[in-house]
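Below: my_file_6.txt (compact mmCIF, C-alpha atoms and all ligand atoms)
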# COMPACT_ATOMS: atom_id res chain seq x y z
CA MET A 1 0.00 0.00 0.00
CA ASN A 2 1.16 3.52 -0.81
CA LYS A 3 2.06 5.30 2.40
CA LYS A 4 3.73 8.46 1.14
CA ILE A 5 3.32 11.52 3.34
CA ILE A 6 4.54 15.04 2.57
CA VAL A 7 5.88 16.80 5.65
CA THR A 8 6.43 20.52 5.14
CA GLY A 9 8.96 21.93 7.58
CA GLY A 10 10.05 18.36 8.21
CA LEU A 11 13.57 19.35 9.26
CA GLY A 12 12.34 21.70 11.99
CA TYR A 13 11.94 20.86 15.65
CA ILE A 14 8.52 19.20 15.69
CA GLY A 15 8.65 18.24 12.01
CA SER A 16 11.82 16.18 12.42
CA HIS A 17 10.48 14.28 15.44
CA THR A 18 7.27 13.59 13.56
CA THR A 19 9.20 12.42 10.52
CA ILE A 20 10.95 9.84 12.71
CA GLU A 21 7.62 8.59 14.10
CA LEU A 22 6.18 8.39 10.58
CA ILE A 23 9.09 6.29 9.34
CA GLN A 24 8.85 4.06 12.39
CA ASN A 25 5.18 3.56 11.54
CA ASN A 26 6.11 2.47 8.01
CA PHE A 27 5.24 5.66 6.20
CA GLN A 28 7.44 6.96 3.41
CA VAL A 29 8.32 10.58 4.09
CA VAL A 30 8.92 13.40 1.64
CA VAL A 31 10.22 16.50 3.40
CA PHE A 32 9.64 19.96 1.96
CA ASP A 33 11.80 22.50 3.78
CA ASP A 34 13.41 25.82 2.82
CA LEU A 35 16.17 25.45 5.47
CA SER A 36 15.39 28.98 6.71
CA ASN A 37 15.37 27.79 10.32
CA SER A 38 16.66 24.24 10.06
CA SER A 39 19.79 22.38 9.10
CA GLN A 40 20.32 19.95 6.26
CA LYS A 41 22.35 17.86 8.73
CA THR A 42 19.03 16.88 10.27
CA ILE A 43 18.39 14.59 7.28
CA ALA A 44 21.40 12.42 8.19
CA ARG A 45 20.38 12.45 11.86
CA ILE A 46 16.89 11.21 10.99
CA GLU A 47 18.34 8.55 8.70
CA THR A 48 20.75 7.36 11.39
CA ILE A 49 17.97 7.04 13.95
CA THR A 50 15.53 5.28 11.64
CA GLY A 51 17.85 3.44 9.27
CA GLU A 52 15.63 4.66 6.40
CA LYS A 53 16.08 7.24 3.65
CA ILE A 54 13.87 10.26 3.36
CA ILE A 55 13.20 12.23 0.21
CA PHE A 56 14.16 15.87 0.65
CA GLU A 57 12.97 18.74 -1.55
CA LYS A 58 14.29 22.21 -0.83
CA VAL A 59 11.34 24.43 -1.54
CA ASP A 60 10.13 27.85 -0.48
CA LEU A 61 6.39 27.42 -0.09
CA LYS A 62 5.84 31.17 -0.56
CA ASN A 63 6.69 30.58 -4.19
CA GLU A 64 3.47 29.37 -5.79
CA ILE A 65 5.00 28.01 -8.97
CA ARG A 66 7.84 26.15 -7.26
CA THR A 67 5.42 24.74 -4.72
CA GLY A 68 3.23 23.44 -7.52
CA GLN A 69 6.21 21.78 -9.20
CA GLU A 70 7.18 19.95 -6.01
CA PHE A 71 3.65 18.81 -5.25
CA SER A 72 3.33 17.53 -8.84
CA LYS A 73 6.33 15.27 -8.25
CA HIS A 74 4.63 13.73 -5.22
CA LYS A 75 0.95 13.78 -6.10
CA ASP A 76 0.71 10.13 -5.09
CA ALA A 77 1.05 11.22 -1.43
CA LEU A 78 -1.78 10.32 0.94
CA ALA A 79 -1.58 13.40 3.11
CA VAL A 80 0.27 16.58 3.94
CA ILE A 81 1.42 17.44 7.45
CA HIS A 82 2.08 21.15 7.40
CA PHE A 83 4.67 22.41 9.89
CA ALA A 84 6.47 24.95 7.71
CA ALA A 85 6.18 28.32 9.44
CA HIS A 86 8.16 30.96 11.25
CA LYS A 87 7.57 30.62 15.00
CA ALA A 88 9.46 33.22 17.01
CA VAL A 89 6.91 35.26 18.92
CA ASN A 90 9.15 38.30 19.56
CA GLU A 91 10.40 38.42 16.02
CA SER A 92 6.81 38.36 14.76
CA VAL A 93 5.99 41.43 16.86
CA LYS A 94 8.95 43.26 15.32
CA ASN A 95 8.29 42.13 11.78
CA PRO A 96 4.61 41.32 11.35
CA LEU A 97 4.50 41.53 7.57
CA ASN A 98 7.26 38.98 7.25
CA TYR A 99 5.30 36.60 9.48
CA TYR A 100 1.98 37.07 7.71
CA GLN A 101 3.66 36.75 4.34
CA ASN A 102 5.66 33.66 5.20
CA ASN A 103 3.11 31.69 7.18
CA LEU A 104 0.03 32.57 5.18
CA PHE A 105 1.45 32.24 1.66
CA ALA A 106 2.88 28.89 2.69
CA ILE A 107 -0.46 27.48 3.81
CA LEU A 108 -2.36 29.00 0.88
CA ASN A 109 0.02 27.50 -1.68
CA THR A 110 0.09 24.17 0.12
CA LEU A 111 -3.70 23.87 0.25
CA LYS A 112 -4.13 25.03 -3.33
CA TRP A 113 -1.64 22.60 -4.85
CA GLN A 114 -2.31 19.58 -2.76
CA TYR A 115 -6.02 19.84 -3.47
CA GLU A 116 -5.52 20.49 -7.15
CA LEU A 117 -3.27 17.43 -7.39
CA GLY A 118 -5.65 15.21 -5.48
CA ILE A 119 -4.03 14.97 -2.02
CA LYS A 120 -7.10 15.29 0.15
CA ASN A 121 -5.84 14.91 3.73
CA PHE A 122 -4.24 17.73 5.70
CA ILE A 123 -2.85 18.07 9.20
CA PHE A 124 -2.08 21.53 10.51
CA SER A 125 0.41 22.52 13.15
CA SER A 126 -1.54 25.00 15.25
CA SER A 127 -1.03 26.54 18.65
CA ALA A 128 -2.67 27.26 21.98
CA ALA A 129 -1.95 30.88 21.04
CA VAL A 130 -5.38 30.89 19.34
CA TYR A 131 -6.99 31.02 22.80
CA GLY A 132 -5.34 34.38 23.49
CA SER A 133 -5.55 35.19 27.17
CA PRO A 134 -7.97 32.41 28.20
CA GLU A 135 -11.11 33.19 30.18
CA SER A 136 -11.22 29.81 31.90
CA LEU A 137 -8.93 26.89 32.72
CA PRO A 138 -8.26 24.16 31.77
CA ILE A 139 -8.55 25.18 28.13
CA SER A 140 -10.80 22.95 26.07
CA GLU A 141 -11.30 23.11 22.33
CA ASN A 142 -14.59 24.87 23.08
CA ASN A 143 -12.89 27.77 24.81
CA LYS A 144 -13.42 31.04 23.05
CA ILE A 145 -10.94 31.80 20.28
CA GLN A 146 -9.47 35.23 20.82
CA ARG A 147 -7.14 37.56 19.04
CA PRO A 148 -3.70 36.02 19.74
CA LEU A 149 -1.22 38.29 21.47
CA SER A 150 1.33 38.19 18.64
CA PRO A 151 1.33 38.23 14.83
CA TYR A 152 2.81 34.72 15.02
CA GLY A 153 -0.21 33.49 16.99
CA ASN A 154 -2.51 35.37 14.66
CA THR A 155 -1.10 33.52 11.64
CA LYS A 156 -2.19 30.29 13.37
CA LYS A 157 -5.69 31.64 14.01
CA ILE A 158 -6.06 32.94 10.45
CA SER A 159 -4.70 29.65 9.06
CA GLU A 160 -7.35 27.69 10.94
CA GLU A 161 -10.00 30.01 9.50
CA ILE A 162 -8.62 29.46 6.00
CA ILE A 163 -8.76 25.69 6.51
CA GLU A 164 -12.30 25.93 7.89
CA ASP A 165 -13.53 27.90 4.88
CA PHE A 166 -11.71 25.58 2.51
CA THR A 167 -13.06 22.36 4.00
CA LYS A 168 -16.59 23.84 4.00
CA ILE A 169 -16.79 24.03 0.23
CA ASN A 170 -14.67 20.97 -0.59
CA SER A 171 -16.49 18.01 0.90
CA ASP A 172 -13.78 15.62 -0.33
CA PHE A 173 -11.10 17.42 1.68
CA SER A 174 -10.39 16.52 5.31
CA ALA A 175 -8.29 18.36 7.83
CA ILE A 176 -7.18 18.09 11.42
CA SER A 177 -5.71 21.02 13.28
CA LEU A 178 -3.56 20.23 16.31
CA ARG A 179 -3.18 22.98 18.87
CA TYR A 180 0.12 22.54 20.66
CA PHE A 181 0.69 23.82 24.15
CA ASN A 182 4.43 24.08 25.06
CA PRO A 183 6.50 21.44 23.24
CA ILE A 184 9.90 20.78 24.83
CA GLY A 185 12.32 17.85 25.10
CA ALA A 186 14.07 15.82 22.47
CA HIS A 187 14.32 12.36 20.96
CA ASP A 188 15.65 9.85 23.51
CA SER A 189 18.52 8.89 21.18
CA GLY A 190 19.98 12.32 21.95
CA LYS A 191 20.67 12.66 18.23
CA ILE A 192 17.97 15.18 17.46
CA GLY A 193 16.36 18.06 19.31
CA GLU A 194 15.49 21.72 19.29
CA LEU A 195 18.07 23.91 17.62
CA PRO A 196 17.07 27.54 17.82
CA LYS A 197 19.06 29.91 15.63
CA GLY A 198 20.60 32.72 17.70
CA ILE A 199 19.35 33.59 21.15
CA PRO A 200 16.46 31.32 22.18
CA ASN A 201 13.13 32.89 23.02
CA ASN A 202 11.77 29.83 24.74
CA LEU A 203 12.38 28.68 28.27
CA MET A 204 13.78 25.16 27.80
CA PRO A 205 16.52 25.90 25.25
CA TYR A 206 17.45 28.97 27.28
CA ILE A 207 17.88 26.80 30.37
CA THR A 208 19.99 24.16 28.62
CA GLN A 209 22.12 26.76 26.85
CA THR A 210 22.73 28.58 30.13
CA ALA A 211 23.76 25.35 31.81
CA SER A 212 26.13 24.48 28.97
CA GLY A 213 27.74 27.93 29.17
CA VAL A 214 26.46 29.32 25.86
CA ARG A 215 24.31 31.88 27.74
CA GLU A 216 25.38 33.57 30.90
CA LYS A 217 22.18 33.73 32.87
CA LEU A 218 18.50 32.84 32.50
CA LYS A 219 16.10 35.70 33.08
CA VAL A 220 12.88 34.59 34.74
CA PHE A 221 10.28 37.01 33.47
CA GLY A 222 8.30 37.93 36.56
CA ASN A 223 7.42 36.25 39.86
CA ASP A 224 4.40 38.38 40.71
CA TYR A 225 1.77 36.47 38.73
CA PRO A 226 -1.30 35.04 40.47
CA THR A 227 0.06 31.48 40.25
CA LYS A 228 1.31 28.84 42.70
CA ASP A 229 4.78 30.42 43.08
CA GLY A 230 4.32 33.70 41.22
CA THR A 231 5.93 32.54 37.96
CA PRO A 232 3.83 31.73 34.89
CA VAL A 233 2.41 28.24 34.45
CA ARG A 234 2.44 26.34 31.16
CA ASP A 235 1.43 22.93 29.89
CA TYR A 236 4.77 21.54 28.71
CA ILE A 237 4.53 18.52 26.43
CA HIS A 238 7.25 16.15 25.28
CA VAL A 239 7.94 16.60 21.57
CA VAL A 240 7.92 12.81 21.06
CA ASP A 241 4.42 12.57 22.56
CA LEU A 242 3.40 15.39 20.28
CA ALA A 243 4.89 13.62 17.25
CA LYS A 244 2.93 10.48 18.13
CA ALA A 245 -0.32 12.44 18.15
CA HIS A 246 0.31 13.28 14.49
CA ILE A 247 0.39 9.58 13.62
CA LYS A 248 -2.95 9.08 15.36
CA ALA A 249 -4.46 12.06 13.55
CA LEU A 250 -3.06 10.88 10.23
CA THR A 251 -4.44 7.39 10.71
CA ARG A 252 -7.86 8.84 11.50
CA LEU A 253 -7.82 10.81 8.25
CA ILE A 254 -6.53 7.96 6.11
CA GLU A 255 -9.10 5.57 7.53
CA ASN A 256 -11.82 8.14 6.92
CA LYS A 257 -12.87 8.13 10.55
CA GLN A 258 -13.20 11.89 10.99
CA GLU A 259 -16.65 13.12 11.98
CA LYS A 260 -16.25 16.67 10.68
CA PRO A 261 -14.35 18.06 7.68
CA LEU A 262 -12.14 19.99 10.10
CA GLU A 263 -11.43 18.51 13.50
CA ILE A 264 -9.47 20.36 16.13
CA TYR A 265 -7.55 18.89 19.07
CA ASN A 266 -5.54 20.29 21.94
CA LEU A 267 -2.20 18.60 22.50
CA GLY A 268 -0.87 19.02 26.00
CA THR A 269 -0.53 16.91 29.11
CA GLY A 270 -3.24 18.65 31.11
CA ASN A 271 -0.67 19.54 33.81
CA GLY A 272 0.64 23.02 34.45
CA PHE A 273 4.19 23.69 35.66
CA SER A 274 5.64 27.02 36.71
CA VAL A 275 8.95 28.42 35.44
CA LEU A 276 10.52 27.73 38.85
CA GLU A 277 9.28 24.14 38.78
CA VAL A 278 10.93 23.62 35.39
CA ILE A 279 14.17 25.08 36.74
CA LYS A 280 13.98 22.82 39.80
CA SER A 281 13.42 19.77 37.63
CA PHE A 282 16.43 20.77 35.53
CA GLU A 283 18.65 21.24 38.59
CA ARG A 284 17.60 17.90 40.00
CA ILE A 285 18.23 16.03 36.77
CA SER A 286 21.47 17.69 35.75
CA GLY A 287 22.90 18.02 39.25
CA LEU A 288 23.84 21.59 38.31
CA LYS A 289 22.92 24.90 39.87
CA LEU A 290 21.34 27.07 37.21
CA ASN A 291 22.38 30.71 37.03
CA TYR A 292 19.14 32.69 36.92
CA GLU A 293 17.60 35.90 38.16
CA ILE A 294 14.08 37.19 38.47
CA VAL A 295 13.44 40.19 36.24
CA THR A 296 10.32 42.10 35.22
CA ARG A 297 7.51 40.49 33.27
CA ARG A 298 7.83 39.89 29.53
CA GLU A 299 5.19 41.66 27.50
CA GLY A 300 2.42 39.42 26.20
CA ASP A 301 2.88 36.56 28.71
CA VAL A 302 -0.31 35.25 30.28
CA PRO A 303 -0.21 33.91 33.84
CA GLU A 304 -1.48 30.41 33.25
CA LEU A 305 -2.19 28.05 30.37
CA PHE A 306 -3.00 24.39 30.50
CA ALA A 307 -5.17 22.13 28.42
CA THR A 308 -7.81 19.57 28.83
CA THR A 309 -6.91 16.83 26.39
CA ASP A 310 -9.97 14.63 26.82
CA LEU A 311 -11.06 15.09 23.22
CA ALA A 312 -7.75 13.87 21.79
CA PHE A 313 -7.99 10.84 24.05
CA LYS A 314 -11.60 10.10 23.12
CA LYS A 315 -11.31 10.58 19.36
CA LEU A 316 -7.65 9.92 18.57
CA GLY A 317 -6.90 7.46 21.36
CA TRP A 318 -3.91 9.60 22.25
CA LYS A 319 -2.60 10.91 25.49
CA ALA A 320 0.76 12.21 26.58
CA GLU A 321 2.84 9.59 28.35
CA LEU A 322 6.04 11.39 29.30
CA GLY A 323 6.37 13.68 32.31
CA LEU A 324 8.28 16.88 32.97
CA ASP A 325 11.43 15.13 34.19
CA GLU A 326 11.62 13.06 31.00
CA MET A 327 11.19 16.20 28.92
CA VAL A 328 13.95 18.00 30.78
CA LYS A 329 16.26 14.99 30.78
CA SER A 330 15.99 14.49 27.02
CA ALA A 331 16.46 18.22 26.31
CA TRP A 332 19.62 18.21 28.44
CA LYS A 333 20.95 15.05 26.80
CA TRP A 334 20.49 16.62 23.37
CA GLU A 335 22.15 19.88 24.41
CA GLN A 336 25.18 18.04 25.78
CA ASN A 337 25.51 15.79 22.74
CA TYR A 338 25.18 18.72 20.41
CA ARG A 339 27.74 20.89 22.19
CA ASN A 340 30.26 18.20 22.99
CA HIS A 341 30.19 16.08 19.88
CA ASN A 342 29.17 18.60 17.24
CA ILE A 343 26.70 16.08 15.81
N1 LIG B 401 10.44 32.40 30.22
C1 LIG B 401 11.37 32.97 31.07
N2 LIG B 401 12.62 33.25 30.60
C2 LIG B 401 12.98 32.98 29.30
C3 LIG B 401 12.04 32.40 28.44
C4 LIG B 401 10.77 32.13 28.93
O1 LIG B 401 11.07 33.22 32.25
O2 LIG B 401 14.12 33.28 28.92
C5 LIG B 401 9.09 32.08 30.73
C6 LIG B 401 8.00 32.86 30.02
O3 LIG B 401 7.77 34.06 30.70
C7 LIG B 401 6.83 31.90 30.11
C8 LIG B 401 7.45 30.52 30.15
O4 LIG B 401 8.83 30.72 30.46
O5 LIG B 401 6.15 32.08 31.30
C9 LIG B 401 7.36 29.78 28.84
O6 LIG B 401 7.83 30.64 27.82
P1 LIG B 401 8.13 30.13 26.36
O7 LIG B 401 8.66 31.31 25.58
O8 LIG B 401 8.98 28.91 26.41
O9 LIG B 401 6.71 29.69 25.80
P2 LIG B 401 5.33 30.52 25.64
O10 LIG B 401 4.41 29.97 26.68
O11 LIG B 401 5.62 31.96 25.79
O12 LIG B 401 4.89 30.16 24.26

Now, as a test, write the supplied structure out as structure tokens.
Ligand code: UDP
Amino acid sequence: MNKKIIVTGGLGYIGSHTTIELIQNNFQVVVFDDLSNSSQKTIARIETITGEKIIFEKVDLKNEIRTGQEFSKHKDALAVIHFAAHKAVNESVKNPLNYYQNNLFAILNTLKWQYELGIKNFIFSSSAAVYGSPESLPISENNKIQRPLSPYGNTKKISEEIIEDFTKINSDFSAISLRYFNPIGAHDSGKIGELPKGIPNNLMPYITQTASGVREKLKVFGNDYPTKDGTPVRDYIHVVDLAKAHIKALTRLIENKQEKPLEIYNLGTGNGFSVLEVIKSFERISGLKLNYEIVTRREGDVPELFATTDLAFKKLGWKAELGLDEMVKSAWKWEQNYRNHNI
């Protein structure tokens, strides 16, 4: 049976972990990636872990004609999993047009060509950012969608609206949008993980880079929030758990089990951890004392976000299995491997 899947952004953080899971579930993967925030070395890392070859096409999905050419080469694919997007929140605030242009042209061209060429299944990499500053917790898929706090988040909200409109008029097209909470961690081989270009914006890579001496000190943005210890609470989820959810969603689409043209699922663990709890977990696991200081709040941060993931369990048969310590341990293993062995 043909099991070809196109993974856009397949060399990025979540894309690469999902590519591994796909291969391990006997899918054949074609990666479309423009290498704007990823490394070609990731191909060899994926191949070492899985022992399988992937097909790689360097393509800028903003370019409609080029995108069409690449999709034409792989029109026998069963589905597209669309990760390709810029994702730095701060950068998106500074350069909104770049974010809207990149993320929205990419999804528009992807949807247009895949549909035209007969690839009728689509999985979208969305974000809890679409809930804005949530009115109630835990956040379910029925929570109100609000204007996200950044242009990055808004590209996710607009993309979901595009998919919704598109599925409405094309009854033969099926989509699942997966709203990620805070993905962290790395593959347990230690051969692949998050690799932010430049100074990381996110907590976990900032912690591991501080511990490995690449950054001097972690700034904890505020300890005066109305949370358990004053620092913001997030629903951190292991990237490998997240990757596995994509296989479940894909299987549901391929087996035609979806109940609506567009289904939406939260992907989190349902547990909230504060910044200080993440630091404590890191110190316990690494045996190191982390250099950090409390500074003022970062603009746009909400006090508390965590999901209810009942729907994903009920419909996809998926739930997160790995806890915070496993996330932290794998992220630290990857950081050390990467720094010490230049893999
Ligand atoms: N955070 C921090 N210092 C950093 C980066 C992040 O204190 O250098 C905090 C941030 O304020 C938030 C949490 O860590 O409360 C998670 O931030 P991240 O950027 O990883 O994800 P977000 O929830 O903003 O998408």

Nearby polymer residues, ligand LIG 401 (chain B), at most 6 Å, all atoms listed in the file, as a PyMOL selection string: chain A and resi 201-203+206+218-221+232+275+298+301

Filtering to C-alpha atoms, could you give me those residues as a tab-separated table (two decimals), in the frame of the given file?
chain	number	residue	atom	x	y	z
A	201	ASN	CA	13.13	32.89	23.02
A	202	ASN	CA	11.77	29.83	24.74
A	203	LEU	CA	12.38	28.68	28.27
A	206	TYR	CA	17.45	28.97	27.28
A	218	LEU	CA	18.50	32.84	32.50
A	219	LYS	CA	16.10	35.70	33.08
A	220	VAL	CA	12.88	34.59	34.74
A	221	PHE	CA	10.28	37.01	33.47
A	232	PRO	CA	3.83	31.73	34.89
A	275	VAL	CA	8.95	28.42	35.44
A	298	ARG	CA	7.83	39.89	29.53
A	301	ASP	CA	2.88	36.56	28.71

Within 6 Å of segment 69-78 of chain A, counting only C-alpha atoms, which residues qualify if same-chain residues fewer than 3 places away don't, as an mmCIF file with C-alpha atoms, in the frame of the given file?
data_model
loop_
_atom_site.group_PDB
_atom_site.id
_atom_site.type_symbol
_atom_site.label_atom_id
_atom_site.label_comp_id
_atom_site.auth_asym_id
_atom_site.auth_seq_id
_atom_site.Cartn_x
_atom_site.Cartn_y
_atom_site.Cartn_z
ATOM 1 C CA LYS A 4 3.730 8.460 1.140
ATOM 2 C CA ILE A 5 3.320 11.520 3.340
ATOM 3 C CA ARG A 66 7.840 26.150 -7.260
ATOM 4 C CA LEU A 117 -3.270 17.430 -7.390
ATOM 5 C CA ILE A 119 -4.030 14.970 -2.020
#

Could you name the residues that touch Asp165 of chain A at 12 Å or less, counting all atoms listed in the file, but leaving out those on the same chain fewer than 3 positions away, as a compact mmCIF listing (two decimals) with C-alpha atoms, keeping the file's coordinate frame?
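Done, and the output landed in out06.txt:
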# COMPACT_ATOMS: atom_id res chain seq x y z
CA LEU A 108 -2.36 29.00 0.88
CA LEU A 111 -3.70 23.87 0.25
CA ILE A 158 -6.06 32.94 10.45
CA SER A 159 -4.70 29.65 9.06
CA GLU A 160 -7.35 27.69 10.94
CA GLU A 161 -10.00 30.01 9.50
CA ILE A 162 -8.62 29.46 6.00
CA LYS A 168 -16.59 23.84 4.00
CA ILE A 169 -16.79 24.03 0.23
CA ASN A 170 -14.67 20.97 -0.59
CA SER A 171 -16.49 18.01 0.90
CA PHE A 173 -11.10 17.42 1.68
CA SER A 174 -10.39 16.52 5.31
CA ALA A 175 -8.29 18.36 7.83
CA PRO A 261 -14.35 18.06 7.68
CA LEU A 262 -12.14 19.99 10.10

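Interatomic distance, atom CA of Glu321 of chain A against atom CA of Leu242 of chain A: 10.0 Å.
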
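Of the listed residues (A:Asn103, A:Ser125, A:Ser177, A:Asn25), A:Asn103 comes nearest to Thr155 of chain A; the distances count all atoms listed in the file.
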